[in-house]
>>> print(open('my_file_0.txt').read())   # compact mmCIF, C-alpha atoms
# COMPACT_ATOMS: atom_id res chain seq x y z
CA MET K 1 0.22 0.65 -18.95
CA ASN K 2 -1.49 0.91 -15.55
CA GLN K 3 -4.88 1.52 -17.19
CA HIS K 4 -4.39 -1.57 -19.35
CA VAL K 5 -3.60 -3.71 -16.30
CA MET K 6 -6.65 -2.36 -14.44
CA ASN K 7 -8.97 -3.05 -17.34
CA ALA K 8 -7.61 -6.60 -17.65
CA THR K 9 -8.74 -7.35 -14.09
CA ALA K 10 -12.07 -9.14 -13.71
CA ILE K 11 -15.17 -7.24 -12.60
CA LYS K 12 -16.65 -8.07 -9.20
CA GLU K 13 -20.15 -9.37 -9.89
CA LEU K 14 -23.03 -7.50 -8.27
CA VAL K 15 -24.99 -10.31 -6.61
CA GLU K 16 -27.76 -8.47 -4.75
CA VAL K 17 -29.17 -5.07 -3.84
CA TYR K 18 -30.76 -4.70 -0.41
CA GLN K 19 -33.15 -2.20 1.15
CA ALA K 20 -33.34 -1.54 4.89
CA GLY K 21 -34.27 -4.54 7.02
CA SER K 22 -35.89 -2.28 9.62
CA HIS K 23 -36.45 1.38 10.43
CA HIS K 24 -36.43 2.14 14.15
CA MET K 25 -35.19 4.45 16.90
CA VAL K 26 -32.03 3.64 18.86
CA GLY K 27 -32.44 5.25 22.26
CA ASP K 28 -34.34 8.53 21.85
CA GLY K 29 -31.88 10.26 19.51
CA PHE K 30 -30.88 8.01 16.62
CA PRO K 31 -33.47 7.14 13.95
CA VAL K 32 -31.82 4.34 11.96
CA ARG K 33 -32.37 2.17 8.94
CA ASN K 34 -30.68 -1.17 9.54
CA MET K 35 -28.85 -2.61 6.51
CA ILE K 36 -26.59 -5.24 8.14
CA PRO K 37 -27.59 -7.66 9.72
CA GLY K 38 -31.15 -6.94 8.64
CA VAL K 39 -30.33 -7.92 5.08
CA GLY K 40 -28.35 -11.16 5.27
CA GLY K 41 -26.06 -13.57 7.06
CA ASP K 42 -22.76 -12.90 8.77
CA GLU K 43 -20.75 -14.79 6.15
CA GLN K 44 -21.78 -12.40 3.36
CA PHE K 45 -20.52 -9.29 5.16
CA SER K 46 -17.79 -10.46 7.58
CA PRO K 47 -15.95 -8.76 9.23
CA PHE K 48 -18.82 -6.22 9.21
CA LEU K 49 -21.56 -7.24 11.66
CA LEU K 50 -23.91 -4.25 11.45
CA LEU K 51 -24.57 -1.14 9.37
CA ASP K 52 -27.10 1.35 10.74
CA TYR K 53 -27.83 4.47 8.66
CA MET K 54 -28.80 7.30 11.02
CA GLY K 55 -31.16 9.88 9.57
CA PRO K 56 -30.94 12.22 7.86
CA GLU K 57 -33.44 13.75 10.28
CA HIS K 58 -33.95 17.25 11.60
CA PHE K 59 -34.12 17.72 15.38
CA PRO K 60 -35.60 20.94 16.80
CA PRO K 61 -33.66 22.83 19.51
CA THR K 62 -33.79 21.17 22.93
CA ASN K 63 -32.04 21.14 26.29
CA ARG K 64 -32.60 17.39 26.64
CA ARG K 65 -29.69 14.99 26.13
CA LEU K 66 -30.99 12.79 23.32
CA GLY K 67 -29.23 9.56 22.41
CA VAL K 68 -28.26 6.29 24.09
CA GLY K 69 -27.23 6.14 27.74
CA GLU K 70 -24.74 3.85 29.43
CA HIS K 71 -24.48 0.41 27.80
CA PRO K 72 -21.76 -2.25 27.36
CA HIS K 73 -20.00 -3.93 24.43
CA ARG K 74 -17.54 -6.82 24.15
CA GLY K 75 -15.88 -8.70 21.30
CA PHE K 76 -16.01 -6.19 18.42
CA GLU K 77 -15.51 -2.56 17.36
CA THR K 78 -18.00 0.25 16.78
CA VAL K 79 -17.26 2.75 14.01
CA THR K 80 -19.29 5.97 13.77
CA ILE K 81 -18.98 8.11 10.63
CA MET K 82 -20.62 11.54 10.78
CA TYR K 83 -22.04 13.38 7.77
CA GLN K 84 -24.22 16.00 9.51
CA GLY K 85 -24.72 16.98 13.14
CA MET K 86 -22.55 16.30 16.18
CA VAL K 87 -22.41 13.37 18.60
CA ALA K 88 -20.68 13.22 21.99
CA HIS K 89 -19.11 10.00 23.25
CA ARG K 90 -17.91 9.02 26.73
CA ASP K 91 -16.68 5.62 27.91
CA SER K 92 -15.44 3.71 30.94
CA THR K 93 -11.77 3.95 29.89
CA GLY K 94 -11.91 7.73 30.31
CA SER K 95 -11.91 8.35 26.55
CA GLY K 96 -14.42 10.56 24.85
CA GLY K 97 -15.03 13.56 22.69
CA VAL K 98 -17.31 15.12 20.11
CA ILE K 99 -17.38 14.16 16.45
CA GLY K 100 -18.94 16.23 13.68
CA PRO K 101 -19.18 16.20 9.87
CA GLY K 102 -16.28 14.29 8.32
CA ASP K 103 -15.07 12.85 11.63
CA VAL K 104 -14.88 9.16 12.51
CA GLN K 105 -14.95 7.48 15.92
CA TRP K 106 -13.39 3.99 16.00
CA MET K 107 -13.98 2.32 19.35
CA THR K 108 -12.50 -1.11 20.06
CA ALA K 109 -14.65 -2.66 22.79
CA ALA K 110 -12.58 -5.88 22.83
CA SER K 111 -12.59 -7.30 26.41
CA GLY K 112 -15.32 -4.91 27.45
CA ILE K 113 -16.29 -1.28 27.60
CA VAL K 114 -19.25 0.79 28.79
CA HIS K 115 -20.13 3.97 26.93
CA GLU K 116 -22.82 6.49 26.05
CA GLU K 117 -23.59 8.23 22.76
CA LEU K 118 -25.56 11.47 22.91
CA HIS K 119 -26.30 14.49 20.75
CA ASP K 120 -23.66 17.10 21.51
CA LYS K 121 -25.03 19.79 23.88
CA ALA K 122 -24.35 22.69 21.51
CA PHE K 123 -25.84 20.84 18.54
CA ALA K 124 -28.94 19.92 20.57
CA ALA K 125 -29.39 23.50 21.76
CA ARG K 126 -29.43 24.98 18.27
CA GLY K 127 -31.11 22.02 16.55
CA GLY K 128 -30.21 20.69 13.14
CA THR K 129 -29.95 17.67 10.87
CA LEU K 130 -28.32 14.49 12.12
CA GLU K 131 -26.87 12.03 9.62
CA GLY K 132 -24.31 9.30 10.14
CA ILE K 133 -23.47 5.63 9.86
CA GLN K 134 -22.55 3.22 12.61
CA LEU K 135 -20.77 -0.01 11.79
CA TRP K 136 -19.95 -2.95 13.99
CA VAL K 137 -16.70 -4.64 12.95
CA ASN K 138 -15.97 -8.10 14.29
CA LEU K 139 -12.70 -8.97 16.01
CA PRO K 140 -10.84 -12.22 15.40
CA LYS K 141 -10.92 -14.60 18.38
CA ALA K 142 -7.28 -13.82 19.17
CA PHE K 143 -8.18 -10.16 19.87
CA LYS K 144 -11.66 -10.37 21.41
CA MET K 145 -10.29 -10.12 24.95
CA SER K 146 -7.57 -7.56 24.23
CA LYS K 147 -7.44 -4.16 25.90
CA PRO K 148 -10.11 -1.65 24.76
CA ARG K 149 -8.97 1.39 22.79
CA TYR K 150 -10.46 4.51 21.21
CA GLN K 151 -9.46 6.26 17.99
CA THR K 152 -10.82 9.70 17.10
CA LEU K 153 -10.15 10.33 13.42
CA VAL K 154 -10.91 13.99 12.80
CA SER K 155 -11.72 15.01 9.26
CA ASP K 156 -8.31 16.63 8.61
CA GLU K 157 -6.55 13.37 9.48
CA VAL K 158 -8.42 11.33 6.85
CA PRO K 159 -6.53 11.52 3.53
CA THR K 160 -8.51 12.65 0.49
CA VAL K 161 -7.70 11.38 -3.01
CA ASP K 162 -8.84 13.38 -6.04
CA LEU K 163 -10.37 10.95 -8.54
CA GLY K 164 -9.31 13.14 -11.47
CA GLY K 165 -11.24 14.65 -14.35
CA GLY K 166 -13.65 16.39 -12.02
CA ALA K 167 -15.14 13.03 -11.00
CA GLY K 168 -15.01 13.66 -7.27
CA GLN K 169 -13.06 12.63 -4.19
CA LEU K 170 -12.46 9.57 -2.05
CA ARG K 171 -11.55 9.71 1.66
CA VAL K 172 -9.54 6.74 2.94
CA ILE K 173 -10.78 5.93 6.46
CA ALA K 174 -9.12 2.51 6.64
CA GLY K 175 -6.97 0.47 4.30
CA GLU K 176 -5.36 1.88 1.17
CA PHE K 177 -6.31 3.62 -2.07
CA ARG K 178 -3.88 4.79 -4.76
CA GLY K 179 -0.98 4.83 -2.35
CA GLN K 180 -2.83 6.68 0.43
CA ARG K 181 -3.37 4.83 3.71
CA GLY K 182 -6.24 5.51 6.06
CA PRO K 183 -5.50 6.41 9.71
CA ALA K 184 -7.68 3.71 11.30
CA GLU K 185 -5.76 0.86 12.91
CA THR K 186 -7.60 -2.43 12.32
CA PHE K 187 -7.23 -5.99 13.59
CA SER K 188 -8.01 -7.62 10.25
CA PRO K 189 -7.59 -6.28 6.68
CA VAL K 190 -10.31 -3.70 5.93
CA HIS K 191 -10.79 -1.01 3.28
CA LEU K 192 -13.32 1.67 4.23
CA TYR K 193 -13.88 4.60 1.85
CA ASP K 194 -16.09 7.72 1.98
CA LEU K 195 -16.69 8.44 -1.70
CA ARG K 196 -18.23 11.56 -3.29
CA LEU K 197 -18.90 11.13 -7.02
CA LYS K 198 -20.08 14.00 -9.22
CA ALA K 199 -23.12 13.71 -11.50
CA GLY K 200 -22.25 12.40 -14.95
CA HIS K 201 -18.92 10.93 -13.87
CA GLN K 202 -17.68 7.44 -13.16
CA THR K 203 -14.78 5.86 -11.31
CA GLU K 204 -13.22 2.43 -10.94
CA LEU K 205 -12.23 0.89 -7.63
CA THR K 206 -9.87 -2.06 -7.29
CA LEU K 207 -10.65 -4.17 -4.22
CA PRO K 208 -9.05 -7.48 -3.21
CA GLU K 209 -10.37 -10.74 -4.60
CA GLY K 210 -11.80 -12.91 -1.82
CA PHE K 211 -12.82 -9.94 0.35
CA ASN K 212 -16.47 -9.35 1.22
CA THR K 213 -17.32 -6.12 -0.57
CA SER K 214 -20.39 -3.90 -0.49
CA VAL K 215 -21.31 -0.31 -1.39
CA PHE K 216 -23.91 1.66 0.55
CA VAL K 217 -25.56 4.58 -1.28
CA LEU K 218 -26.40 7.50 1.00
CA ARG K 219 -27.25 9.72 -1.96
CA GLY K 220 -27.56 8.68 -5.56
CA PRO K 221 -28.58 6.93 -7.69
CA VAL K 222 -25.49 5.20 -9.10
CA VAL K 223 -25.08 2.65 -11.88
CA ILE K 224 -22.82 -0.24 -10.92
CA ASN K 225 -20.68 -2.09 -13.47
CA GLY K 226 -22.56 -0.38 -16.30
CA SER K 227 -25.76 -2.32 -15.70
CA GLN K 228 -27.70 -2.06 -12.44
CA THR K 229 -28.94 1.12 -10.76
CA VAL K 230 -28.64 1.33 -6.97
CA LYS K 231 -30.74 4.01 -5.30
CA GLU K 232 -30.53 6.06 -2.12
CA ALA K 233 -30.41 4.02 1.13
CA GLU K 234 -29.68 0.77 -0.74
CA LEU K 235 -26.77 -1.61 -0.21
CA ALA K 236 -25.05 -3.38 -3.11
CA LEU K 237 -23.34 -6.70 -2.32
CA PHE K 238 -20.63 -8.14 -4.57
CA GLY K 239 -19.27 -11.63 -5.13
CA HIS K 240 -15.82 -12.80 -4.01
CA THR K 241 -14.25 -13.21 -7.45
CA GLY K 242 -12.79 -10.31 -9.43
CA GLU K 243 -11.35 -7.03 -8.23
CA ARG K 244 -12.94 -4.17 -10.20
CA VAL K 245 -16.06 -2.20 -9.32
CA VAL K 246 -17.23 0.52 -11.74
CA LEU K 247 -19.45 3.27 -10.32
CA GLU K 248 -21.29 5.91 -12.38
CA ALA K 249 -23.22 8.76 -10.77
CA LYS K 250 -26.45 9.91 -12.41
CA GLU K 251 -26.69 12.65 -9.76
CA HIS K 252 -24.17 13.85 -7.18
CA ALA K 253 -23.62 10.72 -5.08
CA THR K 254 -22.31 9.94 -1.59
CA LEU K 255 -21.23 6.34 -1.05
CA LEU K 256 -19.62 4.25 1.66
CA VAL K 257 -17.43 1.44 0.34
CA LEU K 258 -16.81 -1.53 2.67
CA SER K 259 -14.36 -4.32 1.83
CA GLY K 260 -12.79 -6.72 4.30
CA GLU K 261 -11.19 -10.10 4.64
CA PRO K 262 -13.76 -12.53 6.09
CA ILE K 263 -13.13 -13.77 9.63
CA ARG K 264 -13.91 -17.44 9.26
CA GLU K 265 -14.70 -18.22 12.89
CA PRO K 266 -17.91 -19.13 14.74
CA ILE K 267 -20.06 -16.17 15.79
CA ALA K 268 -22.25 -16.08 18.90
CA ARG K 269 -24.32 -12.91 19.44
CA TYR K 270 -26.41 -11.61 22.28
CA GLY K 271 -27.39 -7.93 22.33
CA PRO K 272 -24.21 -5.86 22.78
CA PHE K 273 -21.87 -8.87 22.91
CA VAL K 274 -20.32 -10.76 19.97
CA MET K 275 -18.16 -13.74 20.86
CA ASN K 276 -17.42 -17.23 19.49
CA THR K 277 -19.43 -19.41 21.89
CA ARG K 278 -22.59 -19.24 24.00
CA GLU K 279 -20.49 -19.77 27.13
CA GLU K 280 -18.46 -16.65 26.31
CA LEU K 281 -21.68 -14.66 25.96
CA ILE K 282 -22.85 -15.80 29.40
CA GLN K 283 -19.46 -14.80 30.83
CA ALA K 284 -19.70 -11.38 29.15
CA ALA K 285 -23.12 -10.71 30.68
CA GLN K 286 -21.88 -11.78 34.12
CA ASP K 287 -18.75 -9.64 33.84
CA TYR K 288 -20.82 -6.58 32.96
CA GLN K 289 -23.25 -7.18 35.82
CA VAL K 290 -20.47 -7.32 38.41
CA GLY K 291 -18.79 -4.20 37.03
CA LYS K 292 -15.75 -5.72 35.31
CA MET K 293 -16.32 -3.54 32.23
CA GLY K 294 -16.47 -0.42 34.35
CA HIS K 295 -19.15 2.25 34.62
CA LEU K 296 -19.52 5.91 33.74
CA SER K 297 -19.06 8.25 36.64
>>> encode(input="my_file_0.txt", output="structure tokens")
Amino acid sequence: MNQHVMNATAIKELVEVYQAGSHHMVGDGFPVRNMIPGVGGDEQFSPFLLLDYMGPEHFPPTNRRLGVGEHPHRGFETVTIMYQGMVAHRDSTGSGGVIGPGDVQWMTAASGIVHEELHDKAFAARGGTLEGIQLWVNLPKAFKMSKPRYQTLVSDEVPTVDLGGGAGQLRVIAGEFRGQRGPAETFSPVHLYDLRLKAGHQTELTLPEGFNTSVFVLRGPVVINGSQTVKEAELALFGHTGERVVLEAKEHATLLVLSGEPIREPIARYGPFVMNTREELIQAAQDYQVGKMGHLS
């Protein structure tokens, strides 16, 4: 009965496949391929503002602290998902910690925060491969000036759903999948899945109609909806209508699934600040300069 209902639901149309908009270094420790916003407008991906794919890149042993030093954010959230390597975070609220493979850091900058992101000392000393994704998730206007917060979601806290039939596994970072809820607390409806699909298998996802939905392929290739192949480091964007997405792995695949309710409000951006008006951006810059977002000691 459930399978019949699922199959009766309309397929989400694949509307475009994007490659990286740029390939550059963030600070001196994060080589990234930018997928959002390098590939399209805010309306297509809202509430997601940015997707940077870090690595995979091998770093030789070093005693230097590679990464990005003290810098501010206001008006959105940063989400860091680690696949390989270890990153240390420290911010002006006193929060911090180290995240490694399978862990997720969900930082709500909101009214303003200052932080640093560096290779973990032990990881840097022994060297190794760094691979991860950083997302920026917009906040609705009503929450842009709320109190900052920090969520460390260690791998064991992220529920894993077996897809059945040897197809693979799906980790629910945010939102819900087959009755399992992700641990991330969000300010607008978001589904964020870490999906591992075995070669020769397929799976169906059901995602809300009207949500902006995309699938990023870290490793692949995968065939989407039985027709189009999406390769490694490519981003598939879907239309608003329909609910079903069918994924088939030609090789062992690692995917990040992003689906969220659009925030239909004006967006004003300047560097590390995302607000609704130019005046709010000016205020954010002034507040940072006079220390209202704090500093790292």
>>> residues_around(input="my_file_0.txt", residues="Gln134 (chain K)", least_positions_apart="2", cutoff="9 Å", atoms="only C-alpha atoms", output="ChimeraX atom specification")
/K:50-54,78-82,132,136
>>> closest_residue(input="my_file_0.txt", among="K:Val158, K:Ile99, K:Gly166, K:Thr206", to="Arg178 (chain K)", atoms="all atoms listed in the file")
K:Thr206
>>> residues_around(input="my_file_0.txt", residues="Val161 (chain K)", least_positions_apart="4", cutoff="9 Å", atoms="all atoms listed in the file", output="PyMOL selection string")
chain K and resi 168-172+177-178+180
>>> write_last_selection(input="my_file_0.txt", atoms="C-alpha atoms", output="CSV table (one decimal), in the coordinates of the input")
chain,number,residue,atom,x,y,z
K,168,GLY,CA,-15.0,13.7,-7.3
K,169,GLN,CA,-13.1,12.6,-4.2
K,170,LEU,CA,-12.5,9.6,-2.0
K,171,ARG,CA,-11.6,9.7,1.7
K,172,VAL,CA,-9.5,6.7,2.9
K,177,PHE,CA,-6.3,3.6,-2.1
K,178,ARG,CA,-3.9,4.8,-4.8
K,180,GLN,CA,-2.8,6.7,0.4
>>> atom_distance(input="my_file_0.txt", atom1="CA of Thr241 (chain K)", atom2="CA of Gln19 (chain K)")
23.5 Å
>>> residues_around(input="my_file_0.txt", residues="Gly165 (chain K)", least_positions_apart="2", cutoff="12 Å", atoms="all atoms listed in the file", output="PyMOL selection string")
chain K and resi 162-163+167-169+197-198+200-203
